[in-house]
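Asker: This is the content of work12.csv (CSV, C-alpha atoms and all ligand atoms):
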```csv
chain,number,residue,atom,x,y,z
A,27,MET,CA,0.0,0.0,0.0
A,28,ASN,CA,1.4,3.4,-1.0
A,29,GLN,CA,2.6,5.7,1.8
A,30,THR,CA,1.0,9.1,2.2
A,31,PRO,CA,3.1,12.1,3.4
A,32,GLU,CA,1.1,12.0,6.7
A,33,GLU,CA,1.9,8.3,7.2
A,34,ALA,CA,5.6,8.9,6.5
A,35,ALA,CA,5.7,11.7,9.0
A,36,ILE,CA,4.2,9.4,11.8
A,37,THR,CA,7.0,6.8,11.2
A,38,LYS,CA,9.7,9.5,11.1
A,39,LEU,CA,8.4,11.0,14.3
A,40,ALA,CA,8.2,7.7,16.1
A,41,VAL,CA,11.7,6.7,15.0
A,42,ALA,CA,13.2,10.1,16.0
A,43,SER,CA,11.6,9.9,19.5
A,44,PHE,CA,14.2,7.2,20.4
A,45,ALA,CA,17.1,9.2,19.0
A,46,ALA,CA,18.4,10.3,22.4
A,47,THR,CA,18.7,6.7,23.7
A,48,ALA,CA,22.0,6.6,25.5
A,49,ASP,CA,22.9,3.0,24.7
A,50,PRO,CA,23.7,2.9,21.0
A,51,ARG,CA,22.8,-0.7,20.6
A,52,LEU,CA,19.4,-0.2,22.3
A,53,ARG,CA,18.8,2.8,20.0
A,54,GLU,CA,19.6,0.7,16.9
A,55,ILE,CA,17.3,-2.1,18.0
A,56,VAL,CA,14.3,0.0,19.0
A,57,GLN,CA,14.5,2.3,16.0
A,58,GLY,CA,14.9,-0.7,13.7
A,59,LEU,CA,11.9,-2.4,15.3
A,60,VAL,CA,9.7,0.7,14.9
A,61,ARG,CA,10.8,1.1,11.3
A,62,HIS,CA,10.1,-2.5,10.4
A,63,VAL,CA,6.8,-2.7,12.3
A,64,HIS,CA,5.6,0.4,10.6
A,65,ALA,CA,6.7,-1.0,7.2
A,66,PHE,CA,4.7,-4.2,7.9
A,67,ALA,CA,1.5,-2.2,8.7
A,68,GLN,CA,2.2,-0.1,5.6
A,69,GLU,CA,2.8,-3.1,3.3
A,70,THR,CA,-0.3,-5.0,4.4
A,71,GLY,CA,-2.5,-2.0,4.8
A,72,LEU,CA,-3.3,-3.2,8.3
A,73,THR,CA,-6.9,-2.6,9.4
A,74,GLU,CA,-7.9,-1.6,12.9
A,75,ARG,CA,-9.6,-5.0,13.4
A,76,GLU,CA,-6.4,-6.8,12.4
A,77,TRP,CA,-4.4,-4.6,14.6
A,78,LEU,CA,-6.6,-5.5,17.6
A,79,ALA,CA,-6.5,-9.2,16.7
A,80,GLY,CA,-2.7,-9.0,16.8
A,81,ILE,CA,-2.8,-7.3,20.2
A,82,GLN,CA,-5.1,-10.0,21.5
A,83,PHE,CA,-2.9,-12.8,20.0
A,84,LEU,CA,0.2,-11.4,21.7
A,85,THR,CA,-1.7,-10.9,25.0
A,86,ALA,CA,-2.9,-14.6,24.9
A,87,THR,CA,0.7,-15.7,24.0
A,88,GLY,CA,2.0,-14.0,27.2
A,89,GLN,CA,-0.8,-15.4,29.3
A,90,MET,CA,0.1,-18.9,28.2
A,91,CYS,CA,3.7,-18.5,29.6
A,92,ASP,CA,4.5,-19.8,33.0
A,93,GLY,CA,8.1,-18.8,32.9
A,94,LEU,CA,9.5,-22.2,33.5
A,95,VAL,CA,8.3,-25.1,31.3
A,96,ARG,CA,5.8,-23.3,29.0
A,97,GLN,CA,7.2,-20.5,27.0
A,98,GLU,CA,4.7,-19.6,24.3
A,99,TYR,CA,6.8,-16.7,23.0
A,100,ILE,CA,9.8,-19.0,22.3
A,101,LEU,CA,7.3,-21.3,20.5
A,102,LEU,CA,6.0,-18.4,18.4
A,103,SER,CA,9.6,-17.3,17.6
A,104,ASP,CA,10.3,-21.0,16.6
A,105,VAL,CA,7.3,-21.4,14.3
A,106,ILE,CA,7.9,-18.2,12.4
A,107,GLY,CA,11.5,-19.2,11.8
A,108,LEU,CA,12.9,-16.4,13.9
A,109,SER,CA,14.8,-18.7,16.3
A,110,MET,CA,16.6,-20.4,13.5
A,111,LEU,CA,17.4,-17.1,11.8
A,112,VAL,CA,18.9,-15.8,15.0
A,113,ASP,CA,20.8,-19.1,15.4
A,114,ALA,CA,22.2,-18.7,11.8
A,115,ILE,CA,23.2,-15.1,12.3
A,116,ASN,CA,25.1,-16.0,15.4
A,117,HIS,CA,26.8,-19.2,14.2
A,118,ARG,CA,28.4,-18.2,11.0
A,119,SER,CA,31.5,-20.2,11.9
A,120,ASP,CA,33.3,-22.6,9.6
A,121,SER,CA,32.2,-26.0,8.4
A,122,LEU,CA,34.6,-27.8,10.7
A,123,VAL,CA,32.4,-27.5,13.8
A,124,THR,CA,29.1,-29.2,14.6
A,125,GLU,CA,26.1,-27.2,13.4
A,126,SER,CA,23.8,-25.7,16.0
A,127,THR,CA,20.0,-25.7,16.0
A,128,VAL,CA,17.1,-24.4,17.9
A,129,PHE,CA,17.1,-24.6,21.8
A,130,GLY,CA,13.4,-25.1,22.2
A,131,PRO,CA,11.3,-24.5,25.4
A,132,PHE,CA,11.8,-27.8,27.2
A,133,TYR,CA,15.3,-27.6,28.7
A,134,ILE,CA,15.5,-27.9,32.4
A,135,GLU,CA,18.7,-26.9,34.3
A,136,GLY,CA,20.3,-28.9,37.0
A,137,MET,CA,19.5,-32.5,35.8
A,138,PRO,CA,21.4,-35.3,37.4
A,139,GLU,CA,25.0,-36.1,36.4
A,140,ARG,CA,25.1,-39.6,34.9
A,141,VAL,CA,28.0,-42.0,34.5
A,142,TYR,CA,29.4,-43.1,31.2
A,143,GLY,CA,26.8,-45.4,29.5
A,144,GLU,CA,24.1,-44.8,32.2
A,145,ASN,CA,20.5,-45.3,31.1
A,146,MET,CA,18.5,-42.1,31.3
A,147,ALA,CA,15.2,-43.7,30.2
A,148,PHE,CA,12.8,-44.7,33.0
A,149,THR,CA,9.8,-45.2,30.7
A,150,PRO,CA,9.5,-47.8,27.9
A,151,GLY,CA,10.7,-47.5,24.3
A,152,GLU,CA,13.1,-49.2,21.9
A,153,PRO,CA,16.5,-49.4,23.7
A,154,ALA,CA,19.1,-47.2,22.1
A,155,LEU,CA,22.8,-46.5,22.6
A,156,LEU,CA,24.6,-43.4,21.5
A,157,THR,CA,28.3,-43.2,21.5
A,158,GLY,CA,30.9,-40.8,20.2
A,159,ARG,CA,33.5,-38.2,21.0
A,160,VAL,CA,33.7,-34.5,21.7
A,161,THR,CA,36.7,-32.8,20.1
A,162,ASP,CA,38.0,-29.4,19.1
A,163,ALA,CA,38.3,-28.3,15.5
A,164,GLU,CA,41.7,-29.9,15.2
A,165,GLY,CA,40.3,-33.3,16.3
A,166,GLN,CA,41.9,-33.1,19.8
A,167,PRO,CA,39.6,-34.8,22.4
A,168,LEU,CA,37.9,-32.6,24.9
A,169,ALA,CA,38.0,-34.4,28.3
A,170,ASP,CA,35.4,-33.3,30.9
A,171,ALA,CA,33.1,-31.8,28.4
A,172,VAL,CA,29.5,-31.9,29.7
A,173,LEU,CA,26.7,-33.1,27.5
A,174,ASP,CA,23.3,-32.0,28.9
A,175,ILE,CA,20.7,-34.1,27.1
A,176,TRP,CA,16.9,-34.1,26.9
A,177,GLN,CA,14.3,-36.0,24.8
A,178,THR,CA,10.7,-36.9,24.9
A,179,ALA,CA,9.3,-40.2,26.1
A,180,SER,CA,7.5,-42.5,23.6
A,181,ASN,CA,4.3,-40.6,24.2
A,182,GLY,CA,5.9,-37.5,22.6
A,183,MET,CA,6.1,-35.5,25.9
A,184,TYR,CA,9.0,-34.3,27.9
A,185,SER,CA,9.4,-34.9,31.7
A,186,GLY,CA,8.3,-31.6,33.3
A,187,GLN,CA,5.6,-31.3,30.6
A,188,ASP,CA,4.0,-34.6,31.5
A,189,GLN,CA,3.5,-35.0,35.3
A,190,ARG,CA,3.3,-38.9,35.0
A,191,GLN,CA,7.0,-39.1,34.1
A,192,PRO,CA,9.7,-39.2,36.8
A,193,ASP,CA,11.3,-35.7,37.1
A,194,SER,CA,14.6,-36.6,35.4
A,195,ASN,CA,13.2,-39.1,32.9
A,196,LEU,CA,15.1,-38.8,29.6
A,197,ARG,CA,17.3,-36.1,30.9
A,198,GLY,CA,20.8,-36.1,32.2
A,199,ARG,CA,24.3,-34.7,32.1
A,200,TYR,CA,27.1,-36.9,30.8
A,201,ARG,CA,30.8,-36.1,31.1
A,202,THR,CA,33.4,-37.1,28.5
A,203,ASP,CA,36.3,-39.3,29.6
A,204,ALA,CA,40.0,-38.6,29.1
A,205,GLN,CA,39.7,-39.5,25.4
A,206,GLY,CA,36.7,-37.2,24.9
A,207,ARG,CA,34.3,-40.2,24.7
A,208,TYR,CA,30.7,-40.2,25.8
A,209,ALA,CA,28.1,-43.0,25.9
A,210,ILE,CA,24.4,-42.6,26.6
A,211,ARG,CA,21.8,-45.3,27.0
A,212,THR,CA,18.3,-44.2,26.2
A,213,ILE,CA,15.3,-45.1,24.0
A,214,LEU,CA,14.8,-44.3,20.3
A,215,PRO,CA,13.4,-40.7,20.0
A,216,VAL,CA,10.0,-40.4,18.4
A,217,SER,CA,8.5,-37.6,16.3
A,218,TYR,CA,6.0,-35.4,18.3
A,219,PRO,CA,3.8,-32.4,17.9
A,220,ILE,CA,4.8,-29.1,19.5
A,221,PRO,CA,2.2,-27.9,22.0
A,222,THR,CA,-1.0,-26.8,20.1
A,223,ASP,CA,-3.3,-25.9,23.0
A,224,GLY,CA,-2.3,-22.2,22.9
A,225,PRO,CA,-2.3,-19.3,20.5
A,226,VAL,CA,0.6,-20.8,18.5
A,227,GLY,CA,-1.4,-23.9,17.9
A,228,GLN,CA,-4.3,-21.7,16.7
A,229,LEU,CA,-1.9,-19.9,14.4
A,230,LEU,CA,-0.7,-23.2,12.9
A,231,ALA,CA,-4.3,-24.5,12.4
A,232,ALA,CA,-5.5,-21.2,10.9
A,233,THR,CA,-2.7,-21.3,8.4
A,234,GLY,CA,-2.9,-25.0,7.5
A,235,ARG,CA,0.4,-26.0,9.0
A,236,HIS,CA,1.1,-29.2,10.9
A,237,PRO,CA,2.8,-29.1,14.4
A,238,TRP,CA,5.2,-32.0,14.1
A,239,ARG,CA,8.9,-32.2,14.8
A,240,PRO,CA,11.0,-35.0,13.5
A,241,ALA,CA,12.4,-37.4,16.2
A,242,HIS,CA,15.5,-36.0,17.9
A,243,LEU,CA,17.7,-35.8,21.0
A,244,HIS,CA,18.6,-32.4,22.3
A,245,PHE,CA,22.2,-31.5,23.4
A,246,LYS,CA,23.8,-28.6,25.2
A,247,ILE,CA,27.5,-29.3,25.3
A,248,GLU,CA,29.9,-27.3,27.4
A,249,ALA,CA,33.7,-27.6,27.5
A,250,ALA,CA,36.2,-25.2,29.1
A,251,GLY,CA,37.7,-22.7,26.5
A,252,HIS,CA,35.1,-23.7,23.9
A,253,ARG,CA,31.8,-22.2,22.8
A,254,THR,CA,28.7,-23.9,24.1
A,255,LEU,CA,27.0,-25.9,21.5
A,256,VAL,CA,23.2,-26.2,21.4
A,257,THR,CA,22.1,-28.8,18.9
A,258,HIS,CA,20.0,-31.9,18.1
A,259,LEU,CA,20.6,-35.3,16.5
A,260,PHE,CA,17.7,-36.3,14.3
A,261,ASN,CA,16.6,-39.9,13.3
A,262,HIS,CA,17.8,-40.0,9.7
A,263,ASP,CA,14.6,-41.7,8.4
A,264,ASP,CA,11.9,-39.6,10.1
A,265,PRO,CA,9.0,-38.6,7.9
A,266,TYR,CA,9.0,-35.0,9.2
A,267,LEU,CA,12.6,-34.2,8.4
A,268,ASP,CA,11.6,-32.0,5.4
A,269,SER,CA,8.7,-30.2,7.2
A,270,ASP,CA,9.9,-29.6,10.8
A,271,ALA,CA,7.4,-27.2,12.4
A,272,VAL,CA,10.3,-25.1,13.7
A,273,PHE,CA,12.7,-25.4,10.7
A,274,GLY,CA,15.5,-26.9,12.9
A,275,VAL,CA,16.8,-29.7,10.7
A,276,LYS,CA,20.3,-29.6,9.2
A,277,ASP,CA,21.7,-32.5,7.1
A,278,SER,CA,24.8,-32.8,9.2
A,279,LEU,CA,22.7,-33.6,12.2
A,280,ARG,CA,21.0,-36.7,10.9
A,281,ILE,CA,22.0,-40.0,12.4
A,282,ALA,CA,21.2,-43.6,11.5
A,283,TYR,CA,20.7,-46.2,14.2
A,284,THR,CA,21.6,-49.9,13.5
A,285,SER,CA,20.5,-52.8,15.5
A,286,VAL,CA,23.4,-54.6,17.3
A,287,PRO,CA,23.2,-57.6,19.7
A,288,GLY,CA,24.0,-57.1,23.3
A,289,ASN,CA,27.3,-59.0,23.0
A,290,ASP,CA,28.5,-56.8,20.1
A,291,PRO,CA,31.8,-55.1,21.1
A,292,VAL,CA,30.1,-51.7,21.1
A,293,ALA,CA,27.2,-52.7,23.4
A,294,GLN,CA,29.0,-55.4,25.5
A,295,PRO,CA,30.7,-52.9,28.0
A,296,PHE,CA,27.2,-51.7,29.1
A,297,GLY,CA,25.7,-55.1,30.0
A,298,ILE,CA,22.8,-54.7,27.7
A,299,ASP,CA,20.4,-57.7,27.4
A,300,GLY,CA,19.2,-58.4,23.9
A,301,ALA,CA,19.5,-56.1,20.8
A,302,VAL,CA,20.0,-52.4,21.0
A,303,LEU,CA,19.8,-49.6,18.4
A,304,HIS,CA,23.2,-48.0,18.1
A,305,ALA,CA,24.3,-44.7,16.6
A,306,HIS,CA,27.7,-42.9,16.7
A,307,TYR,CA,28.3,-39.2,16.5
A,308,ASP,CA,31.3,-37.0,17.0
A,309,PHE,CA,30.7,-33.4,18.1
A,310,VAL,CA,33.2,-30.7,17.3
A,311,LEU,CA,33.3,-27.5,19.4
A,312,PRO,CA,34.7,-24.2,18.2
A,313,PRO,CA,37.0,-22.2,20.5
A,314,VAL,CA,35.4,-19.3,22.5
A,315,THR,CA,36.9,-16.7,20.2
A,316,CYS,CA,35.1,-18.1,17.1
A,317,SER,CA,32.0,-16.0,16.0
A,401,LIG,C1,11.7,-29.0,21.0
A,401,LIG,O1,12.4,-29.7,20.2
A,401,LIG,O2,11.7,-29.4,22.2
A,401,LIG,C2,10.9,-27.9,20.6
A,401,LIG,C3,11.6,-26.9,19.8
A,401,LIG,C4,10.8,-25.8,19.4
A,401,LIG,C5,9.5,-25.7,19.8
A,401,LIG,C6,8.9,-26.7,20.5
A,401,LIG,C7,9.6,-27.8,20.9
A,402,FE,FE,12.5,-31.5,21.2
```
Before anything else, please render the file you have as structure tokens.

Answerer:
Amino acid sequence: MNQTPEEAAITKLAVASFAATADPRLREIVQGLVRHVHAFAQETGLTEREWLAGIQFLTATGQMCDGLVRQEYILLSDVIGLSMLVDAINHRSDSLVTESTVFGPFYIEGMPERVYGENMAFTPGEPALLTGRVTDAEGQPLADAVLDIWQTASNGMYSGQDQRQPDSNLRGRYRTDAQGRYAIRTILPVSYPIPTDGPVGQLLAATGRHPWRPAHLHFKIEAAGHRTLVTHLFNHDDPYLDSDAVFGVKDSLRIAYTSVPGNDPVAQPFGIDGAVLHAHYDFVLPPVTCS
């Protein structure tokens, strides 16, 4: 929609009202936001009804947040691709390090530290074993790196979200050994829908989008002197890999699980009865100075 001189003057005035902001970065962000929100209203020819519907949508989004487990604003940022855009802008590092992806709203701090190869699953599923190493970009092992991991149960819900699950079900912190190795026993991740009982679910329904995420494990990996890595590992054959509701999939983060017997050399150290689905993945962390 064309801009009248009166409309241009409103935008100019609103942007200029923040010109005296002492913090230059705050000034840049607020003025940029005002400019872009005005441009959005201008481009769409926003009606007063639509403006009010937007205000009501954002109000309902805030009311859905409980500050801890349910963060509807993060969910909104995720489904409009903003979270992944911010992730991309902030991780323009080289191809030698493991790619990052969306954090999501279901991380819980302070989960139990688990020993090498400990099972973090207290609810049923297909037994799985994930092994690998954490190294720096030169391939040197990072000892004492901490892998903070979370995934849903087979019902597609996270502990914390689903009161029937034990508190630390499918969550835990694993430390790498002197060779940078880690081993995690769990269950095979399943695909699951993001929460649809709030305004974000209504947005997806109104726009004909599905809410599904491909099956994945979440990782937050910390090692001294290295940049913290937030990422996922996705089941390589999941039907939702090409239509993730939050745009989080990257090819380099797909892993294939293969069934191995409990007496296979890879499974044998963990005393696993019967077959287990095994996957291997090496994480590479950039140094702290890397942008
Ligand atoms: C998740 O993978 O836990 C997640 C990410 C974004 C939105 C909802 C859930
Ligand atoms: Fe998830």

Asker: Excluding Val105 in chain A and its own-chain neighbours fewer than 3 positions away, which residues fall within 7 Å of it when counting all atoms listed in the file? Please give them as a list in words.

Answerer: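 Neighbouring residues, sequence-local ones excluded: Leu101, Leu102, Ala271 and Val272 of chain A.
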
Asker: Any idea what the distance is between CA of Val60 in chain A and CA of Ala45 in chain A?

Answerer: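 So the answer is 12.0 Å.
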
Asker: Nearest residue to Thr212 in chain A out of A:Gly71, A:Gly198, A:Gly136, A:Pro240, using only C-alpha atoms?

Answerer: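 Of the candidates, the smallest distance to Thr212 in chain A is held by A:Gly198.
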
Asker: Considering all atoms listed in the file, can you say which of A:Glu33, A:Glu139, A:Asp270, A:Glu74 comes closest to ligand LIG 401 (chain A)?

Answerer: A:Asp270

Asker: Please compute the CA of Tyr266 in chain A-CA of Val302 in chain A distance, one decimal, in Å.

Answerer: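 The value is 23.7 Å.
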
Asker: Neighbouring residues of range 77-87 of chain A were defined as those with any atom within 9 Å, considering all atoms listed in the file; residues of the same chain fewer than 6 positions away were excluded. Please report them as a count of residues only.

Answerer: 8

Asker: Using all atoms listed in the file, which protein or nucleic acid residues are at most 7 Å from ligand FE 402 (chain A), as a PyMOL selection string?

Answerer: chain A and resi 130+177-178+242-244

Asker: I want to know what sits within 9 Å of Leu173 in chain A, based on only C-alpha atoms, with residues of the same chain fewer than 4 positions away left out; could you give that as number ranges by chain?

Answerer: A: 198-202, 208, 245-249

Asker: May I ask which of the residues A:Gln166, A:Ser278, A:Thr254, A:Ser269 is the closest one to Thr315 in chain A, counting only C-alpha atoms?

Answerer: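 Under the stated criterion, the closest residue is A:Thr254.
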